[in-house]
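In what follows, a single structure is set out as structure tokens and then discussed.
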Amino acid sequence: MIFTETKLKGAFIIDLERREDSRGFFARGFCRKEFENHGLKPDIAQANIASNLKKGTLRGMHFQFPPAAETKLVRATRGAILDIIVDLRPESPTFLQHIAVELNDDNQRALYVPERFAHGYQVLRDNTDTSYQVGEFYSPENESGLMYNDPRLGLSWPLEVSVISEKDRKFAAFDDVEATVKKRMNVA
Ligand SMILES: Cc1cn([C@H]2C[C@H](O)[C@@H](COP(=O)(O)OP(=O)(O)O[C@H]3O[C@@H](C)C(=O)[C@@H](O)[C@H]3O)O2)c(=O)[nH]c1=O
């Protein structure tokens, strides 16, 4: 596996190290030892799959507060997504900064999202499936989110939003929850 740290400390793009032969290729998609060697948390509580019918579908921006904060290892197993993560660690020099990474079934790239980040994606092709391993169990009482189009986040989505859940339409403006987010994301 090829680990490339992004400008957001602890967030990594992970590429496959392909061993090709006449059948195709073999590659590791996850390895506890390699994760530990790069300082990534290797725990997997759930492996989730999402299917998206329509290009333009948007899911996000989601997170769980501590003590249920999750790591995520995200891939597009079919189709393509633009994946965006936002740093919500109050002590981080890159607090509120984001990165956007295209994950698709050609590049077979994964994004490792550390704990205390908001995460979301937009689907770039019809019939796109995502698969992601998360480090904590789903915890509805600790889950929350931010608006994908909140001006404070300044996220650029490539397509018009064609489908979005009711829940994702109704997250509060960051200005209104900033103090709560900083307090609940503080782990010092
Ligand atoms: C995330 C999750 C949802 N659910 C349920 C709740 C709801 O009835 C249904 C769909 O949930 P959601 O609408 O939250 O699904 P979705 O919008 O796809 O949520 C996901 O979005 C991406 C961007 C993430 O980062 C993930 O962590 C997760 O939050 O599945 C579970 O039972 N377990 C889970 O782990």
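Going by the structure tokens order, chains are called A, B, ..., each with residues numbered from 1, while ligands are numbered from 1 in the order shown.
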With only C-alpha atoms and all ligand atoms counted and 6 Å as the cut-off, give the residues of chain A in contact with ligand 1, each with its shortest interatomic distance in Å and the pair that gives it, as a Markdown table.
```
| residue | atom | partner | partner_atom_place_in_ligand_line | distance |
| --- | --- | --- | --- | --- |
| A:Arg59 | CA | ligand 1 | 23 (C) | 4.7 |
| A:Gly60 | CA | ligand 1 | 23 (C) | 4.4 |
| A:His62 | CA | ligand 1 | 29 (O) | 5.0 |
| A:His119 | CA | ligand 1 | 25 (O) | 4.8 |
| A:Gly120 | CA | ligand 1 | 23 (C) | 3.9 |
| A:Tyr121 | CA | ligand 1 | 23 (C) | 5.9 |
| A:Tyr138 | CA | ligand 1 | 35 (O) | 4.3 |
```
So that I can check the surroundings of A:Ser131, please list as number ranges by chain every protein, DNA and RNA residue that reaches within 9 Å of it, counting only C-alpha atoms and ignoring chain neighbours fewer than 5 positions away. A: 47-51, 73-77
Rank A:Thr4, A:Thr94, A:Ser165, A:Asn186 by their smallest atom-to-atom distance to A:Tyr112, using only C-alpha atoms, and report the top residue only. A:Thr4
Two-atom distance - atom CA of A:Glu70, atom CA of A:Glu17 (Å):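 One can read the atom CA of A:Glu70 to atom CA of A:Glu17 distance as 25.6 Å.
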Using only C-alpha atoms: which of A:Lys55, A:Arg109, A:Lys33, A:His98 has the shortest distance to A:Leu16: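 Of the candidates, the smallest distance to A:Leu16 is held by A:Arg109.
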Considering only C-alpha atoms, state which residue in the set A:Asp83, A:Glu20, A:Glu160, A:Glu36 is at the smallest distance from A:Val101. A:Asp83
Could you please determine the separation between atom CA of A:Trp157 and atom CA of A:Phe171 in Å, to one decimal place?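 Computing it gives 17.4 Å between the two atoms.
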